[in-house]
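Listing of run-v7.pdb; format and content: PDB, C-alpha atoms, pLDDT in the B column.
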ATOM      1  CA  MET A   1       0.000   0.000   0.000  1.00 61.00           C
ATOM      2  CA  SER A   2       2.897   2.348   0.674  1.00 61.00           C
ATOM      3  CA  PHE A   3       3.964   2.054  -2.979  1.00 60.00           C
ATOM      4  CA  ILE A   4       0.618   3.639  -3.909  1.00 69.00           C
ATOM      5  CA  VAL A   5       0.596   6.421  -1.311  1.00 71.00           C
ATOM      6  CA  ASP A   6       4.308   7.272  -1.248  1.00 65.00           C
ATOM      7  CA  PRO A   7       6.104   5.512  -4.119  1.00 65.00           C
ATOM      8  CA  PRO A   8       9.805   4.799  -3.557  1.00 64.00           C
ATOM      9  CA  SER A   9      12.612   5.142  -6.038  1.00 74.00           C
ATOM     10  CA  THR A  10      12.207   2.877  -9.034  1.00 76.00           C
ATOM     11  CA  GLN A  11      15.934   2.174  -9.220  1.00 81.00           C
ATOM     12  CA  GLY A  12      16.315  -1.403 -10.392  1.00 85.00           C
ATOM     13  CA  LEU A  13      12.693  -1.657 -11.488  1.00 83.00           C
ATOM     14  CA  GLN A  14      13.137  -0.143 -14.953  1.00 85.00           C
ATOM     15  CA  LEU A  15      11.807  -3.332 -16.523  1.00 87.00           C
ATOM     16  CA  LEU A  16       8.460  -2.619 -14.855  1.00 83.00           C
ATOM     17  CA  THR A  17       8.312   1.107 -15.555  1.00 83.00           C
ATOM     18  CA  ARG A  18       9.897   1.564 -18.971  1.00 81.00           C
ATOM     19  CA  TRP A  19       6.678   1.440 -20.982  1.00 68.00           C
ATOM     20  CA  GLY A  20       5.570   4.911 -19.998  1.00 63.00           C
ATOM     21  CA  PRO A  21       3.286   6.456 -17.419  1.00 64.00           C
ATOM     22  CA  ASP A  22       0.719   3.678 -17.778  1.00 67.00           C
ATOM     23  CA  PHE A  23       3.117   1.347 -16.005  1.00 70.00           C
ATOM     24  CA  SER A  24       4.042   3.376 -12.956  1.00 80.00           C
ATOM     25  CA  ILE A  25       5.146   1.731  -9.744  1.00 81.00           C
ATOM     26  CA  GLN A  26       1.737   2.584  -8.244  1.00 82.00           C
ATOM     27  CA  HIS A  27       0.057   0.431 -10.881  1.00 82.00           C
ATOM     28  CA  TRP A  28       2.410  -2.432 -10.165  1.00 84.00           C
ATOM     29  CA  ALA A  29       1.581  -2.089  -6.457  1.00 86.00           C
ATOM     30  CA  TRP A  30      -1.973  -3.091  -7.317  1.00 89.00           C
ATOM     31  CA  LEU A  31      -0.543  -6.420  -8.503  1.00 90.00           C
ATOM     32  CA  TRP A  32       0.581  -7.088  -4.929  1.00 91.00           C
ATOM     33  CA  ILE A  33      -2.825  -6.094  -3.565  1.00 94.00           C
ATOM     34  CA  ALA A  34      -4.788  -8.193  -6.063  1.00 95.00           C
ATOM     35  CA  ALA A  35      -2.531 -11.192  -5.492  1.00 96.00           C
ATOM     36  CA  GLY A  36      -2.933 -10.785  -1.742  1.00 95.00           C
ATOM     37  CA  LEU A  37      -6.716 -10.759  -2.043  1.00 97.00           C
ATOM     38  CA  VAL A  38      -6.676 -13.924  -4.160  1.00 97.00           C
ATOM     39  CA  THR A  39      -4.311 -15.543  -1.656  1.00 96.00           C
ATOM     40  CA  ILE A  40      -6.555 -14.624   1.269  1.00 96.00           C
ATOM     41  CA  ALA A  41      -9.644 -15.919  -0.537  1.00 96.00           C
ATOM     42  CA  ALA A  42      -7.871 -19.191  -1.360  1.00 94.00           C
ATOM     43  CA  ALA A  43      -6.981 -19.674   2.297  1.00 90.00           C
ATOM     44  CA  PHE A  44     -10.657 -20.340   2.994  1.00 90.00           C
ATOM     45  CA  LEU A  45     -11.012 -23.015   0.322  1.00 88.00           C
ATOM     46  CA  ARG A  46     -10.993 -26.705   1.108  1.00 81.00           C
ATOM     47  CA  VAL A  47      -7.675 -28.459   1.471  1.00 77.00           C
ATOM     48  CA  GLY A  48      -6.179 -29.174  -1.933  1.00 79.00           C
ATOM     49  CA  ARG A  49      -8.108 -26.437  -3.713  1.00 84.00           C
ATOM     50  CA  ASP A  50      -5.908 -23.592  -2.531  1.00 87.00           C
ATOM     51  CA  ARG A  51      -3.319 -23.893  -5.312  1.00 90.00           C
ATOM     52  CA  TRP A  52      -4.562 -20.662  -6.918  1.00 93.00           C
ATOM     53  CA  GLY A  53      -3.659 -18.826  -3.734  1.00 94.00           C
ATOM     54  CA  PHE A  54      -0.113 -20.143  -3.830  1.00 95.00           C
ATOM     55  CA  LEU A  55       0.170 -19.245  -7.513  1.00 96.00           C
ATOM     56  CA  ALA A  56      -1.158 -15.735  -6.863  1.00 96.00           C
ATOM     57  CA  ALA A  57       1.260 -15.319  -3.966  1.00 96.00           C
ATOM     58  CA  LEU A  58       4.194 -16.286  -6.211  1.00 96.00           C
ATOM     59  CA  VAL A  59       3.532 -13.801  -9.007  1.00 95.00           C
ATOM     60  CA  PRO A  60       4.460 -10.428  -7.414  1.00 94.00           C
ATOM     61  CA  PRO A  61       7.794 -11.443  -5.822  1.00 95.00           C
ATOM     62  CA  ALA A  62       8.749 -13.373  -8.953  1.00 95.00           C
ATOM     63  CA  VAL A  63       8.019 -10.315 -11.122  1.00 93.00           C
ATOM     64  CA  TRP A  64      10.073  -8.089  -8.823  1.00 92.00           C
ATOM     65  CA  ALA A  65      12.957 -10.587  -8.742  1.00 94.00           C
ATOM     66  CA  ILE A  66      12.969 -10.784 -12.543  1.00 94.00           C
ATOM     67  CA  ALA A  67      12.981  -6.983 -12.771  1.00 92.00           C
ATOM     68  CA  TYR A  68      15.938  -6.690 -10.399  1.00 93.00           C
ATOM     69  CA  LEU A  69      17.856  -9.467 -12.167  1.00 95.00           C
ATOM     70  CA  SER A  70      17.209  -7.711 -15.481  1.00 93.00           C
ATOM     71  CA  ALA A  71      18.633  -4.496 -14.024  1.00 93.00           C
ATOM     72  CA  VAL A  72      21.747  -6.376 -12.875  1.00 95.00           C
ATOM     73  CA  ILE A  73      22.263  -8.012 -16.267  1.00 95.00           C
ATOM     74  CA  GLY A  74      21.674  -4.690 -18.035  1.00 93.00           C
ATOM     75  CA  GLY A  75      24.158  -2.935 -15.760  1.00 93.00           C
ATOM     76  CA  GLU A  76      21.509  -0.516 -14.466  1.00 91.00           C
ATOM     77  CA  TYR A  77      21.518  -1.567 -10.796  1.00 92.00           C
ATOM     78  CA  SER A  78      24.310  -3.799  -9.528  1.00 91.00           C
ATOM     79  CA  ARG A  79      22.811  -4.098  -6.033  1.00 92.00           C
ATOM     80  CA  GLY A  80      19.702  -5.628  -7.595  1.00 92.00           C
ATOM     81  CA  ALA A  81      21.293  -9.067  -7.350  1.00 95.00           C
ATOM     82  CA  TRP A  82      20.954  -8.953  -3.563  1.00 95.00           C
ATOM     83  CA  VAL A  83      17.383  -7.697  -3.723  1.00 93.00           C
ATOM     84  CA  ALA A  84      16.484 -10.394  -6.263  1.00 95.00           C
ATOM     85  CA  ALA A  85      18.107 -13.039  -4.065  1.00 96.00           C
ATOM     86  CA  TRP A  86      16.090 -11.758  -1.113  1.00 95.00           C
ATOM     87  CA  TYR A  87      12.804 -11.997  -3.056  1.00 95.00           C
ATOM     88  CA  LEU A  88      13.703 -15.431  -4.405  1.00 96.00           C
ATOM     89  CA  THR A  89      14.588 -16.852  -0.980  1.00 96.00           C
ATOM     90  CA  SER A  90      12.370 -15.065   1.533  1.00 95.00           C
ATOM     91  CA  HIS A  91       9.316 -14.845  -0.694  1.00 95.00           C
ATOM     92  CA  VAL A  92       9.348 -17.295  -3.596  1.00 96.00           C
ATOM     93  CA  GLY A  93      11.279 -19.981  -1.741  1.00 96.00           C
ATOM     94  CA  VAL A  94       9.093 -19.840   1.352  1.00 95.00           C
ATOM     95  CA  ILE A  95       5.885 -19.881  -0.704  1.00 95.00           C
ATOM     96  CA  LEU A  96       7.104 -22.871  -2.716  1.00 94.00           C
ATOM     97  CA  TRP A  97       8.072 -24.656   0.505  1.00 92.00           C
ATOM     98  CA  ALA A  98       4.704 -23.865   2.111  1.00 89.00           C
ATOM     99  CA  SER A  99       2.878 -25.215  -0.922  1.00 89.00           C
ATOM    100  CA  THR A 100       4.527 -28.618  -0.406  1.00 87.00           C
ATOM    101  CA  VAL A 101       3.706 -28.972   3.288  1.00 83.00           C
ATOM    102  CA  PRO A 102       1.090 -31.726   3.542  1.00 80.00           C
ATOM    103  CA  GLU A 103      -2.300 -30.665   4.701  1.00 75.00           C
ATOM    104  CA  TYR A 104      -4.781 -32.866   6.391  1.00 73.00           C
ATOM    105  CA  ASP A 105      -8.519 -32.767   6.063  1.00 62.00           C
ATOM    106  CA  VAL A 106     -10.427 -32.106   9.193  1.00 61.00           C
ATOM    107  CA  PRO A 107     -12.088 -35.376  10.145  1.00 67.00           C
ATOM    108  CA  PRO A 108     -15.828 -35.482   9.635  1.00 67.00           C
ATOM    109  CA  ALA A 109     -18.039 -34.800  12.598  1.00 66.00           C
ATOM    110  CA  PRO A 110     -18.968 -37.980  14.460  1.00 72.00           C
ATOM    111  CA  ARG A 111     -22.314 -39.471  13.533  1.00 69.00           C
ATOM    112  CA  LYS A 112     -24.980 -39.505  16.153  1.00 64.00           C
ATOM    113  CA  ALA A 113     -25.112 -42.763  17.995  1.00 52.00           C
ATOM    114  CA  ARG A 114     -27.553 -45.014  16.264  1.00 51.00           C
ATOM    115  CA  ARG A 115     -30.218 -46.615  18.322  1.00 52.00           C
ATOM    116  CA  ALA A 116     -30.050 -50.346  18.569  1.00 51.00           C
ATOM    117  CA  GLU A 117     -32.625 -52.070  16.395  1.00 51.00           C
ATOM    118  CA  GLY A 118     -35.674 -53.347  18.154  1.00 53.00           C
ATOM    119  CA  GLY A 119     -35.171 -51.109  21.144  1.00 52.00           C
TER     120      GLY A 119
END

What do you get writing this file as C-alpha cells?
Amino acid sequence: MSFIVDPPSTQGLQLLTRWGPDFSIQHWAWLWIAAGLVTIAAAFLRVGRDRWGFLAALVPPAVWAIAYLSAVIGGEYSRGAWVAAWYLTSHVGVILWASTVPEYDVPPAPRKARRAEGG
C-alpha cells in the first residue's frame, strides 16, 4: 500500500516502468494487492483447492525478482542481485516450501449414535 501512497525510487525496477506512465510503480503495487486478495480468498477453500492462492502469492515477488535481475544483467543496478536473491529466498522460496507442506482434512463430525434395532 505504501507504494501507492508514497512511491519509492524505481531504481532497479526499470523493466516494470519503462513502458511509460501507464506502467508506474503505483500500478504495479496493485498487482501485490490483487494477489494478496486472491491468496486470502484461497486460504478459505478446502484443502487441496488452494493452489490458486499459492500461484497468486508467487507472481508479485517473482516479477520483482525478474525486474531486479534484469537491471543487474543490463548494468543498471548492480545491487539488484541482492534484492532479487532476497525476493527469491524469503518470498518465492518460502511460498514454494509452504505449498509442499502436507495438509490434512479435518475429520468429519462424528455421527450420532444409532439406536439399537428393536429397542

Problem - Nearest residue to Gly93 in chain A from the set A:Gly53, A:Gly80, A:Pro61, A:Pro110 (distances using only C-alpha atoms) - result: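 Smallest separation from Gly93 in chain A among the options: A:Pro61.
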
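Proximity of A:Val101, A:Trp52, A:Val72, A:Ala84 to Val38 in chain A, computed with all atoms listed in the file, is greatest for A:Trp52.
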
Exercise for the section: Could you expand the PyMOL selection byres ((chain A and resi 98) around 12) into the explicit residues it covers here, written as a list of chain:residue names? Expected result: A:Asp50, A:Arg51, A:Gly53, A:Phe54, A:Leu55, A:Ala57, A:Leu58, A:Ser90, A:His91, A:Val92, A:Gly93, A:Val94, A:Ile95, A:Leu96, A:Trp97, A:Ser99, A:Thr100, A:Val101, A:Pro102, A:Glu103

Practice task
Quote the spacing between CA of Ala56 in chain A and CA of Thr39 in chain A in Å to one decimal place.
Solution key: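 Atom-to-atom, CA of Ala56 in chain A to CA of Thr39 in chain A, that is 6.1 Å.
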
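Shortest separation to Tyr87 in chain A among A:Leu16, A:Ala62, A:Ala67, A:Val47 occurs at residue A:Ala62, atoms counted being all atoms listed in the file.
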
Exercise for the section: For each of A:Pro60, A:Gly36, A:Gly48, A:Gly12, take the minimum atom-to-atom distance to Gly75 in chain A, counting all atoms listed in the file, then give the residue where this is smallest. Expected result: A:Gly12

Practice task
Would you mind reading off the distance between CA of Ser78 in chain A and CA of Ile33 in chain A, one decimal, in Å?
Solution key: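 Distance reported for this atom pair: 27.9 Å.
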
Handout entry: Coordinates-based distance that separates CA of Ser24 in chain A from CA of Gly74 in chain A (Å, one decimal)
Key =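 CA of Gly74 in chain A sits 20.0 Å away from CA of Ser24 in chain A.
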
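Residues in contact with Tyr77 in chain A at up to 10 Å, not including ones fewer than 5 positions away on its chain and judged by only C-alpha atoms, are A:Gln11, A:Gly12, A:Leu13, A:Gln14, A:Tyr68, A:Leu69, A:Ser70, A:Ala71, A:Val72.
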
Practice task
Check the smallest atom-to-atom distance from each of A:Leu15, A:Gln26, A:Ala42, A:Arg49 to Ala65 in chain A using all atoms listed in the file, then report the winner.
Solution key: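 Smallest distance to Ala65 in chain A is found for A:Leu15.
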